[in-house]
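Structure data follow from work33.txt (compact mmCIF, C-alpha atoms and all ligand atoms):
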```txt
# COMPACT_ATOMS: atom_id res chain seq x y z
CA MET H 1 0.00 0.00 0.00
CA LYS H 2 1.27 3.45 -0.85
CA THR H 3 1.59 5.85 2.06
CA SER H 4 0.79 9.49 1.46
CA GLY H 5 3.92 11.56 0.97
CA LYS H 6 5.87 8.71 -0.59
CA GLY H 7 5.05 10.01 -4.07
CA PRO H 8 6.85 13.39 -3.98
CA ALA H 9 9.77 12.02 -1.92
CA LEU H 10 10.28 9.17 -4.36
CA LEU H 11 10.01 11.55 -7.29
CA ARG H 12 12.71 13.80 -5.77
CA LEU H 13 14.97 10.82 -5.14
CA ASN H 14 14.49 9.51 -8.67
CA ASN H 15 15.23 12.96 -10.13
CA LEU H 16 18.41 13.14 -8.05
CA LYS H 17 19.49 9.72 -9.37
CA ARG H 18 18.83 10.76 -12.95
CA VAL H 19 20.87 13.94 -12.45
CA MET H 20 23.75 11.91 -10.97
CA ALA H 21 23.68 9.49 -13.91
CA GLN H 22 23.67 12.36 -16.40
CA LEU H 23 26.52 14.14 -14.57
CA ARG H 24 28.50 10.91 -14.73
CA THR H 25 28.05 10.38 -18.48
CA ALA H 26 28.28 14.03 -19.56
CA ARG H 27 31.22 14.77 -17.20
CA ILE H 28 30.85 18.56 -17.72
CA THR H 29 27.42 20.09 -18.17
CA THR H 30 25.17 22.99 -17.10
CA ARG H 31 21.85 23.25 -15.28
CA GLN H 32 20.17 24.19 -18.57
CA ASP H 33 21.65 21.20 -20.41
CA LEU H 34 20.70 18.84 -17.57
CA ALA H 35 17.11 20.06 -17.66
CA GLN H 36 16.97 19.57 -21.40
CA ALA H 37 18.65 16.16 -21.44
CA LEU H 38 16.43 14.79 -18.67
CA ASP H 39 13.27 16.62 -19.72
CA LEU H 40 12.98 18.14 -16.26
CA ASN H 41 11.82 21.53 -15.07
CA LYS H 42 14.73 24.01 -14.70
CA ASN H 43 13.78 24.80 -11.09
CA THR H 44 13.76 21.11 -10.20
CA VAL H 45 17.26 20.71 -11.62
CA SER H 46 18.51 23.88 -9.90
CA LEU H 47 17.30 22.69 -6.50
CA ILE H 48 19.11 19.37 -6.94
CA VAL H 49 22.29 21.05 -8.21
CA ASP H 50 22.28 23.55 -5.31
CA ASP H 51 21.92 20.67 -2.89
CA LEU H 52 24.82 18.75 -4.50
CA LEU H 53 26.97 21.90 -4.46
CA ALA H 54 26.22 22.41 -0.77
CA GLN H 55 27.22 18.78 -0.09
CA GLY H 56 30.46 19.32 -1.99
CA LEU H 57 29.66 16.52 -4.44
CA ILE H 58 29.85 18.78 -7.49
CA GLN H 59 31.78 21.91 -8.33
CA ALA H 60 31.01 24.98 -10.44
CA LEU H 61 33.65 25.39 -13.15
CA GLY H 62 32.64 28.84 -14.39
CA PRO H 63 30.53 30.48 -17.09
CA VAL H 64 30.46 29.20 -20.65
CA SER H 65 31.15 31.81 -23.28
CA VAL H 66 27.90 32.13 -25.20
CA ALA H 67 27.08 34.59 -27.88
CA ALA H 68 23.36 34.51 -27.26
CA ALA H 69 21.77 36.96 -24.87
CA GLY H 70 20.37 35.85 -21.53
CA ARG H 71 21.82 34.42 -18.34
CA PRO H 72 25.29 32.87 -18.84
CA LYS H 73 25.43 29.12 -18.40
CA ILE H 74 27.65 27.95 -15.56
CA GLU H 75 29.47 24.70 -16.18
CA ILE H 76 29.29 22.16 -13.41
CA ALA H 77 30.99 18.80 -12.87
CA LEU H 78 30.92 15.99 -10.36
CA ARG H 79 33.84 15.68 -7.97
CA PRO H 80 34.28 11.95 -8.62
CA GLU H 81 36.62 11.41 -5.66
CA THR H 82 33.85 12.27 -3.19
CA LEU H 83 31.87 9.13 -3.99
CA LYS H 84 33.85 5.91 -4.00
CA THR H 85 32.90 2.31 -4.51
CA VAL H 86 34.64 -1.01 -4.02
CA GLY H 87 34.73 -4.09 -6.20
CA ILE H 88 35.97 -7.40 -4.79
CA MET H 89 36.48 -10.25 -7.23
CA VAL H 90 36.92 -13.79 -6.04
CA GLU H 91 38.57 -16.34 -8.33
CA ARG H 92 40.00 -19.77 -7.68
CA ASN H 93 42.66 -19.19 -5.00
CA ALA H 94 42.82 -15.42 -5.53
CA VAL H 95 41.01 -12.28 -4.40
CA HIS H 96 41.34 -8.87 -6.09
CA TRP H 97 39.87 -5.64 -4.75
CA ARG H 98 39.73 -2.18 -6.29
CA VAL H 99 38.56 1.12 -4.82
CA ALA H 100 37.26 3.31 -7.65
CA ASP H 101 35.87 6.82 -7.87
CA TYR H 102 32.53 7.78 -9.44
CA PHE H 103 34.14 7.87 -12.89
CA SER H 104 35.55 4.31 -12.50
CA GLN H 105 39.14 5.50 -11.99
CA VAL H 106 40.97 3.05 -9.74
CA ILE H 107 42.25 4.75 -6.57
CA ALA H 108 43.65 1.74 -4.72
CA GLU H 109 43.94 -1.96 -5.41
CA GLN H 110 45.26 -5.21 -4.08
CA THR H 111 45.48 -8.82 -5.21
CA TRP H 112 46.46 -11.78 -3.11
CA GLN H 113 46.52 -15.56 -3.22
CA THR H 114 44.34 -17.43 -0.76
CA ASP H 115 42.71 -20.80 -0.33
CA THR H 116 39.17 -20.43 -1.67
CA ARG H 117 38.04 -24.04 -1.20
CA ASP H 118 36.20 -23.52 2.10
CA PRO H 119 33.44 -20.89 1.69
CA GLN H 120 33.17 -20.26 5.44
CA VAL H 121 36.86 -19.46 5.78
CA LEU H 122 36.82 -17.22 2.74
CA MET H 123 33.69 -15.37 3.93
CA HIS H 124 35.50 -14.51 7.20
CA GLU H 125 38.33 -13.11 5.12
CA LEU H 126 35.95 -11.10 2.93
CA VAL H 127 34.11 -9.63 5.95
CA GLU H 128 37.45 -8.39 7.28
CA VAL H 129 38.42 -6.90 3.92
CA CYS H 130 35.07 -5.07 3.66
CA GLN H 131 35.40 -3.66 7.17
CA THR H 132 38.99 -2.51 6.59
CA LEU H 133 38.08 -0.84 3.30
CA HIS H 134 35.03 0.86 4.82
CA ALA H 135 37.16 2.22 7.69
CA ALA H 136 39.74 3.54 5.22
CA HIS H 137 37.08 5.04 2.90
CA PRO H 138 34.07 6.16 4.98
CA GLU H 139 32.51 7.84 1.90
CA LEU H 140 31.91 4.46 0.20
CA LEU H 141 28.61 4.14 -1.65
CA GLY H 142 28.69 0.37 -1.42
CA ILE H 143 30.63 -2.78 -2.21
CA GLY H 144 30.22 -5.12 -5.16
CA LEU H 145 31.34 -8.72 -4.66
CA GLY H 146 31.88 -10.99 -7.61
CA PHE H 147 32.22 -14.75 -7.90
CA PRO H 148 32.62 -17.15 -10.80
CA GLY H 149 29.65 -19.41 -11.48
CA ILE H 150 25.87 -19.32 -11.21
CA ILE H 151 25.09 -16.39 -8.94
CA ASP H 152 21.70 -15.10 -7.77
CA PRO H 153 22.22 -11.35 -7.26
CA GLN H 154 18.85 -10.83 -5.56
CA ARG H 155 19.45 -13.33 -2.78
CA GLY H 156 23.25 -13.01 -2.83
CA ARG H 157 23.79 -16.72 -3.32
CA VAL H 158 26.39 -18.74 -5.18
CA HIS H 159 24.29 -21.62 -6.49
CA PHE H 160 27.13 -23.39 -8.20
CA SER H 161 30.74 -22.59 -8.97
CA ALA H 162 32.88 -25.22 -10.68
CA GLN H 163 35.91 -22.93 -10.39
CA LEU H 164 35.60 -22.58 -6.59
CA GLY H 165 34.04 -25.99 -5.99
CA TRP H 166 31.13 -24.33 -4.15
CA GLN H 167 27.48 -25.26 -4.07
CA GLU H 168 24.58 -23.33 -2.51
CA VAL H 169 26.55 -20.78 -0.52
CA ASP H 170 24.78 -17.76 0.98
CA VAL H 171 27.45 -15.06 0.70
CA LEU H 172 25.25 -12.06 1.42
CA THR H 173 23.99 -12.84 4.94
CA PRO H 174 27.37 -13.03 6.72
CA LEU H 175 28.37 -9.75 5.06
CA LEU H 176 25.09 -7.94 5.79
CA ASN H 177 25.49 -8.63 9.48
CA ALA H 178 28.98 -7.16 9.56
CA VAL H 179 29.13 -4.38 6.95
CA PRO H 180 26.69 -1.42 7.15
CA LEU H 181 26.80 -0.56 3.45
CA PRO H 182 24.78 -1.44 0.34
CA LEU H 183 26.21 -4.74 -0.91
CA TYR H 184 25.80 -6.34 -4.32
CA VAL H 185 26.69 -9.89 -5.22
CA MET H 186 27.06 -10.87 -8.84
CA ASN H 187 28.94 -12.94 -11.40
CA ASN H 188 32.39 -11.58 -12.33
CA VAL H 189 31.85 -11.70 -16.08
CA LYS H 190 28.49 -9.93 -15.82
CA ALA H 191 30.18 -7.09 -13.88
CA ALA H 192 32.94 -6.87 -16.50
CA ALA H 193 30.23 -6.55 -19.17
CA LEU H 194 28.90 -3.36 -17.55
CA LEU H 195 32.35 -1.79 -17.58
CA ALA H 196 33.05 -2.83 -21.19
CA VAL H 197 29.89 -1.09 -22.40
CA GLN H 198 30.82 2.05 -20.46
CA GLN H 199 34.45 2.10 -21.64
CA LEU H 200 33.46 1.79 -25.29
CA GLY H 201 30.86 4.55 -24.83
CA LEU H 202 28.13 2.34 -26.33
CA ARG H 203 24.54 3.55 -26.31
CA GLN H 204 22.67 2.58 -23.16
CA SER H 205 19.41 2.32 -25.07
CA HIS H 206 20.78 -0.57 -27.14
CA SER H 207 21.74 -4.07 -26.09
CA HIS H 208 25.33 -5.33 -26.18
CA PHE H 209 26.80 -8.79 -25.76
CA TYR H 210 30.10 -9.13 -23.92
CA LEU H 211 32.25 -12.25 -24.14
CA ARG H 212 35.23 -12.94 -21.91
CA ILE H 213 37.92 -15.53 -22.60
CA GLY H 214 40.18 -16.49 -19.72
CA GLU H 215 40.59 -19.65 -17.68
CA GLY H 216 36.95 -20.17 -18.68
CA LEU H 217 34.60 -18.58 -21.16
CA GLY H 218 31.68 -16.41 -20.11
CA GLY H 219 29.30 -13.89 -21.55
CA ALA H 220 26.56 -11.45 -20.65
CA LEU H 221 23.96 -9.35 -22.39
CA VAL H 222 23.71 -5.76 -21.22
CA GLU H 223 20.33 -4.25 -21.99
CA GLN H 224 19.33 -0.69 -21.12
CA GLY H 225 22.40 -0.47 -18.92
CA SER H 226 21.50 -3.60 -16.91
CA VAL H 227 22.81 -7.13 -17.14
CA LEU H 228 20.32 -9.78 -18.17
CA THR H 229 20.56 -12.62 -15.65
CA GLY H 230 17.81 -14.91 -16.95
CA SER H 231 15.34 -16.90 -14.87
CA SER H 232 17.99 -19.23 -13.41
CA TRP H 233 20.94 -16.81 -13.63
CA THR H 234 22.61 -18.46 -16.63
CA ALA H 235 21.68 -16.04 -19.44
CA GLY H 236 24.75 -15.41 -21.61
CA GLU H 237 26.62 -18.58 -20.56
CA ILE H 238 27.99 -19.02 -24.06
CA GLY H 239 30.96 -21.05 -22.79
CA HIS H 240 28.70 -24.05 -22.29
CA MET H 241 27.05 -24.02 -25.69
CA GLN H 242 27.98 -27.30 -27.34
CA SER H 243 30.31 -26.67 -30.26
CA GLN H 244 31.82 -30.08 -30.93
CA HIS H 245 30.31 -33.56 -30.79
CA ASN H 246 32.38 -35.97 -28.71
CA GLY H 247 34.68 -33.08 -27.76
CA LEU H 248 36.84 -32.68 -24.68
CA ARG H 249 35.39 -32.83 -21.19
CA CYS H 250 34.39 -29.44 -19.76
CA ASP H 251 34.43 -28.20 -16.14
CA CYS H 252 30.64 -28.51 -16.21
CA GLY H 253 30.92 -32.27 -16.74
CA ARG H 254 29.70 -32.33 -20.33
CA HIS H 255 31.72 -32.67 -23.53
CA GLY H 256 32.52 -30.32 -26.41
CA CYS H 257 31.50 -27.02 -24.79
CA LEU H 258 32.84 -23.89 -26.53
CA GLU H 259 35.01 -23.29 -23.46
CA THR H 260 36.98 -26.48 -24.19
CA LEU H 261 37.98 -25.05 -27.59
CA LEU H 262 38.87 -21.46 -26.73
CA SER H 263 39.84 -20.94 -23.11
CA LEU H 264 43.43 -20.37 -21.97
CA PRO H 265 43.85 -23.99 -20.82
CA ALA H 266 42.30 -25.23 -24.08
CA ILE H 267 44.70 -23.29 -26.31
CA ARG H 268 47.68 -24.22 -24.10
CA GLN H 269 46.75 -27.85 -24.55
CA GLN H 270 46.27 -27.54 -28.31
CA LEU H 271 49.66 -25.87 -28.76
CA GLY H 272 51.43 -28.56 -26.74
CA LYS H 273 49.67 -31.28 -28.71
CA ARG H 274 50.70 -29.80 -32.05
CA LYS H 275 54.36 -29.40 -31.09
CA ALA H 276 56.06 -30.73 -27.99
CA GLY H 277 57.21 -27.87 -25.75
CA LEU H 278 55.17 -25.20 -27.55
CA THR H 279 53.56 -22.87 -24.98
CA LEU H 280 52.08 -19.38 -24.89
CA ARG H 281 55.55 -18.10 -23.99
CA ASN H 282 57.44 -19.33 -27.06
CA LEU H 283 54.87 -18.92 -29.81
CA GLU H 284 57.43 -17.43 -32.20
CA ALA H 285 58.93 -20.94 -32.44
CA ALA H 286 56.06 -22.15 -34.63
CA PRO H 287 54.18 -19.32 -36.38
CA ALA H 288 52.33 -21.60 -38.81
CA ILE H 289 50.93 -23.76 -36.00
CA VAL H 290 49.92 -20.69 -33.99
CA GLN H 291 48.20 -19.24 -37.05
CA ASP H 292 46.30 -22.49 -37.54
CA VAL H 293 45.28 -22.86 -33.88
CA MET H 294 44.08 -19.25 -33.77
CA HIS H 295 42.15 -19.65 -37.01
CA THR H 296 40.36 -22.75 -35.71
CA ALA H 297 39.56 -21.08 -32.36
CA GLY H 298 38.22 -18.00 -34.15
CA SER H 299 36.04 -20.11 -36.42
CA HIS H 300 34.45 -21.88 -33.45
CA LEU H 301 33.77 -18.55 -31.76
CA GLY H 302 32.37 -16.91 -34.88
CA GLN H 303 30.00 -19.82 -35.37
CA ALA H 304 28.75 -19.46 -31.77
CA LEU H 305 28.44 -15.69 -32.09
CA SER H 306 26.23 -16.09 -35.15
CA GLN H 307 23.72 -17.80 -32.84
CA VAL H 308 23.98 -14.92 -30.37
CA MET H 309 23.37 -12.46 -33.21
CA LEU H 310 20.23 -14.27 -34.31
CA LEU H 311 18.82 -15.01 -30.86
CA MET H 312 19.54 -11.72 -29.12
CA ASN H 313 20.31 -9.38 -32.02
CA PRO H 314 22.59 -7.08 -29.99
CA ALA H 315 23.86 -3.81 -31.49
CA SER H 316 27.40 -4.88 -30.65
CA ILE H 317 29.42 -7.86 -29.58
CA ILE H 318 32.49 -7.19 -27.47
CA VAL H 319 35.22 -9.83 -27.41
CA ASP H 320 37.60 -9.56 -24.44
CA GLY H 321 40.33 -12.15 -24.56
CA PRO H 322 43.99 -13.00 -24.98
CA TRP H 323 43.60 -14.05 -28.64
CA ASN H 324 42.49 -10.61 -29.87
CA ALA H 325 46.13 -9.83 -30.66
CA TYR H 326 46.11 -12.47 -33.43
CA PRO H 327 44.65 -11.33 -36.79
CA ALA H 328 44.11 -14.99 -37.72
CA PHE H 329 41.73 -15.23 -34.74
CA THR H 330 39.80 -11.98 -35.25
CA GLN H 331 39.43 -12.53 -38.99
CA ALA H 332 38.20 -16.09 -38.48
CA VAL H 333 35.63 -14.85 -35.93
CA ARG H 334 34.29 -12.33 -38.46
CA ASP H 335 34.30 -14.78 -41.36
CA ALA H 336 32.56 -17.59 -39.46
CA ALA H 337 29.99 -15.26 -37.93
CA GLN H 338 29.22 -13.77 -41.32
CA ALA H 339 28.91 -17.17 -42.97
CA SER H 340 26.49 -18.48 -40.32
CA THR H 341 24.06 -15.63 -39.81
CA LEU H 342 21.76 -13.48 -41.93
CA ALA H 343 23.63 -10.88 -43.97
CA TYR H 344 21.34 -8.13 -42.70
CA THR H 345 21.95 -9.12 -39.08
CA PHE H 346 25.70 -9.33 -39.55
CA ASP H 347 25.85 -5.94 -41.27
CA HIS H 348 24.06 -4.36 -38.31
CA THR H 349 26.18 -5.91 -35.57
CA ALA H 350 29.35 -4.09 -34.53
CA LEU H 351 32.15 -6.46 -33.54
CA HIS H 352 34.62 -5.03 -31.02
CA PHE H 353 37.86 -6.81 -30.18
CA LEU H 354 39.19 -5.11 -27.06
CA PRO H 355 42.93 -4.34 -27.20
CA GLU H 356 43.11 -4.34 -23.39
CA ARG H 357 41.47 -6.63 -20.87
CA ILE H 358 38.55 -5.40 -18.76
CA ASP H 359 39.13 -5.60 -15.01
CA PRO H 360 36.06 -7.35 -13.53
CA ALA H 361 36.83 -5.96 -10.04
CA ASN H 362 36.46 -2.46 -11.46
CA GLY H 363 33.25 -3.64 -13.12
CA LEU H 364 31.96 -4.74 -9.71
CA ALA H 365 32.72 -1.25 -8.36
CA LEU H 366 30.76 0.18 -11.30
CA ALA H 367 27.84 -2.15 -10.57
CA VAL H 368 27.44 -0.41 -7.20
CA ILE H 369 27.09 2.93 -9.00
CA THR H 370 24.59 1.68 -11.56
CA GLN H 371 22.51 0.19 -8.72
CA TYR H 372 22.69 3.49 -6.84
CA GLU H 373 21.53 5.41 -9.91
CA LYS H 374 18.65 3.05 -10.65
CA THR H 375 15.30 4.82 -10.32
CA GLU H 376 12.50 3.12 -8.41
CA ALA H 377 8.93 2.74 -9.56
ZN ZN H 401 30.67 -26.83 -20.19
```
How would this structure read if it were set down as structure tokens?
Amino acid sequence: MKTSGKGPALLRLNNLKRVMAQLRTARITTRQDLAQALDLNKNTVSLIVDDLLAQGLIQALGPVSVAAAGRPKIEIALRPETLKTVGIMVERNAVHWRVADYFSQVIAEQTWQTDTRDPQVLMHELVEVCQTLHAAHPELLGIGLGFPGIIDPQRGRVHFSAQLGWQEVDVLTPLLNAVPLPLYVMNNVKAAALLAVQQLGLRQSHSHFYLRIGEGLGGALVEQGSVLTGSSWTAGEIGHMQSQHNGLRCDCGRHGCLETLLSLPAIRQQLGKRKAGLTLRNLEAAPAIVQDVMHTAGSHLGQALSQVMLLMNPASIIVDGPWNAYPAFTQAVRDAAQASTLAYTFDHTALHFLPERIDPANGLALAVITQYEKTEA
């Protein structure tokens, strides 16, 4: 039931969130431009801006030189260092944390090796990390915690993680009791997807598919600035699409998954099989074999991406992986995708091969911001 008074208060809060989001994307703007971009009344925007100025969250940069008559526009900008967030990424036997400002610039970071087999032990460690970071950065907006595997962000549960060897672990409850901050639990790759879309400056109104190649292979669809999780949190799990009959055994227990053809361990194994002693560190020893392995890997990926193009029809597909440096790989991805999908679809899908890897921990920090900016109905 709606209580009286909730309406205007909620409206004010939602307007504030929209102004924050716009200040973050525009970086430098004016009250007039904010009002226009958000289709809000100028007085409404001015009240919010005055309030943010008083809190020291934004700064006035000075008047814009305009030829037209009327009041000069004053440029304003967020002070990104006043609102920080934390991302903590858990991987097999390693934890990485990053403190980032409101513009996703990393302020502090740490990575360390630890035994991740026992969830209870690791959760104790994570509680301590959260408390230490909160004490060091009292202005934190929240903390994003990421895990590999099937993660329910609403309930903060790791349902299954082959990488960690975990099953049905409630990670949110022990943290909620110990850390008085908004906390978000999600899958590492899904958090990286948010950051990839932001870094490329892709349109929020479109949908974008992000694919990450590492020890495993994961993916996520970002739609309207949010990650699609699916009804059982496995939307975008392209790594477990079957790509080869009677293929190699995958971490998930089945055979021939795309992951077994493209991941770091998969390529390492293929190189060693083709030439004894050939590893990722001495690739120059056998350029023809490398070319061939990369071409085959790219063809498998392109074939899988053609299915993504047809099923989800994203505006762009972002490939984040160690093989992007090989033209034989990127060209094979394009060729196979083009050969296996409709020409019209292919022509309207932008393929991005990232030259630098996305840091999922920074993506988790960004997830806190996007949650904070989300308007409520
Ligand atoms: Zn699999």
Output, as JSON, the centre and edge lengths in Å (one decimal) of the axis-aligned box that contains all listed atoms of segment 41-51 of chain H with 4 Å of margin on each side.
```
{"center_x": 17.1, "center_y": 22.1, "center_z": -9.0, "size_x": 18.5, "size_y": 13.4, "size_z": 20.2}
```
TODO: Please identify all polymer residues within 6 Å of segment 335-345 of chain H, counting all atoms listed in the file, omitting same-chain residues fewer than 3 positions from it, and present them as number ranges by chain.
DONE: H: 299, 302-303, 306, 332, 348
TODO: Might you pull out every residue within 10 Å of segment 321-326 of chain H, with only C-alpha atoms counted and same-chain residues fewer than 2 positions away left off, and present them as a ChimeraX atom specification?
DONE: /H:211-214,217,262-264,267,290-291,294-295,297-298,318-319,328-331,352-358
Produce a file of the selected residues containing C-alpha atoms, as a PDB file, in the coordinates of the input.
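Okay, this is what ended up in selection.pdb:
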```pdb
ATOM      1  CA  LEU H 211      32.250 -12.250 -24.140  1.00  0.00           C
ATOM      2  CA  ARG H 212      35.230 -12.940 -21.910  1.00  0.00           C
ATOM      3  CA  ILE H 213      37.920 -15.530 -22.600  1.00  0.00           C
ATOM      4  CA  GLY H 214      40.180 -16.490 -19.720  1.00  0.00           C
ATOM      5  CA  LEU H 217      34.600 -18.580 -21.160  1.00  0.00           C
ATOM      6  CA  LEU H 262      38.870 -21.460 -26.730  1.00  0.00           C
ATOM      7  CA  SER H 263      39.840 -20.940 -23.110  1.00  0.00           C
ATOM      8  CA  LEU H 264      43.430 -20.370 -21.970  1.00  0.00           C
ATOM      9  CA  ILE H 267      44.700 -23.290 -26.310  1.00  0.00           C
ATOM     10  CA  VAL H 290      49.920 -20.690 -33.990  1.00  0.00           C
ATOM     11  CA  GLN H 291      48.200 -19.240 -37.050  1.00  0.00           C
ATOM     12  CA  MET H 294      44.080 -19.250 -33.770  1.00  0.00           C
ATOM     13  CA  HIS H 295      42.150 -19.650 -37.010  1.00  0.00           C
ATOM     14  CA  ALA H 297      39.560 -21.080 -32.360  1.00  0.00           C
ATOM     15  CA  GLY H 298      38.220 -18.000 -34.150  1.00  0.00           C
ATOM     16  CA  ILE H 318      32.490  -7.190 -27.470  1.00  0.00           C
ATOM     17  CA  VAL H 319      35.220  -9.830 -27.410  1.00  0.00           C
ATOM     18  CA  ALA H 328      44.110 -14.990 -37.720  1.00  0.00           C
ATOM     19  CA  PHE H 329      41.730 -15.230 -34.740  1.00  0.00           C
ATOM     20  CA  THR H 330      39.800 -11.980 -35.250  1.00  0.00           C
ATOM     21  CA  GLN H 331      39.430 -12.530 -38.990  1.00  0.00           C
ATOM     22  CA  HIS H 352      34.620  -5.030 -31.020  1.00  0.00           C
ATOM     23  CA  PHE H 353      37.860  -6.810 -30.180  1.00  0.00           C
ATOM     24  CA  LEU H 354      39.190  -5.110 -27.060  1.00  0.00           C
ATOM     25  CA  PRO H 355      42.930  -4.340 -27.200  1.00  0.00           C
ATOM     26  CA  GLU H 356      43.110  -4.340 -23.390  1.00  0.00           C
ATOM     27  CA  ARG H 357      41.470  -6.630 -20.870  1.00  0.00           C
ATOM     28  CA  ILE H 358      38.550  -5.400 -18.760  1.00  0.00           C
TER      29      ILE H 358
END
```
TODO: Could you please determine the separation between atom CA of Leu78 of chain H and atom CA of Ile369 of chain H in Å, to one decimal place?
DONE: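 It comes out at 13.7 Å.
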Could I get the residues of chain H with an atom no further than 6 Å from an atom of ligand ZN 401 (chain H), each paired with its nearest atom pair and that distance in Å to one decimal, using all atoms listed in the file, sorted by chain and residue number, as a Markdown table?
```
| residue | atom | partner | partner_atom | distance |
| --- | --- | --- | --- | --- |
| H:His240 | CA | H:ZN401 | ZN | 4.0 |
| H:Cys250 | CA | H:ZN401 | ZN | 4.6 |
| H:Asp251 | CA | H:ZN401 | ZN | 5.7 |
| H:Cys252 | CA | H:ZN401 | ZN | 4.3 |
| H:Arg254 | CA | H:ZN401 | ZN | 5.6 |
| H:Cys257 | CA | H:ZN401 | ZN | 4.7 |
```
Task: Length of the atom CA of Ser207 of chain H to atom CA of Ser316 of chain H vector [Å] - done: 7.3 Å
TODO: Do a neighbour search on segment 143-153 of chain H at 7 Å with all atoms listed in the file, toss out local chain neighbours closer than 4 positions, and write the hits as a ChimeraX atom specification.
DONE: /H:85-91,157-163,182-188,233-234,364-365,367-368
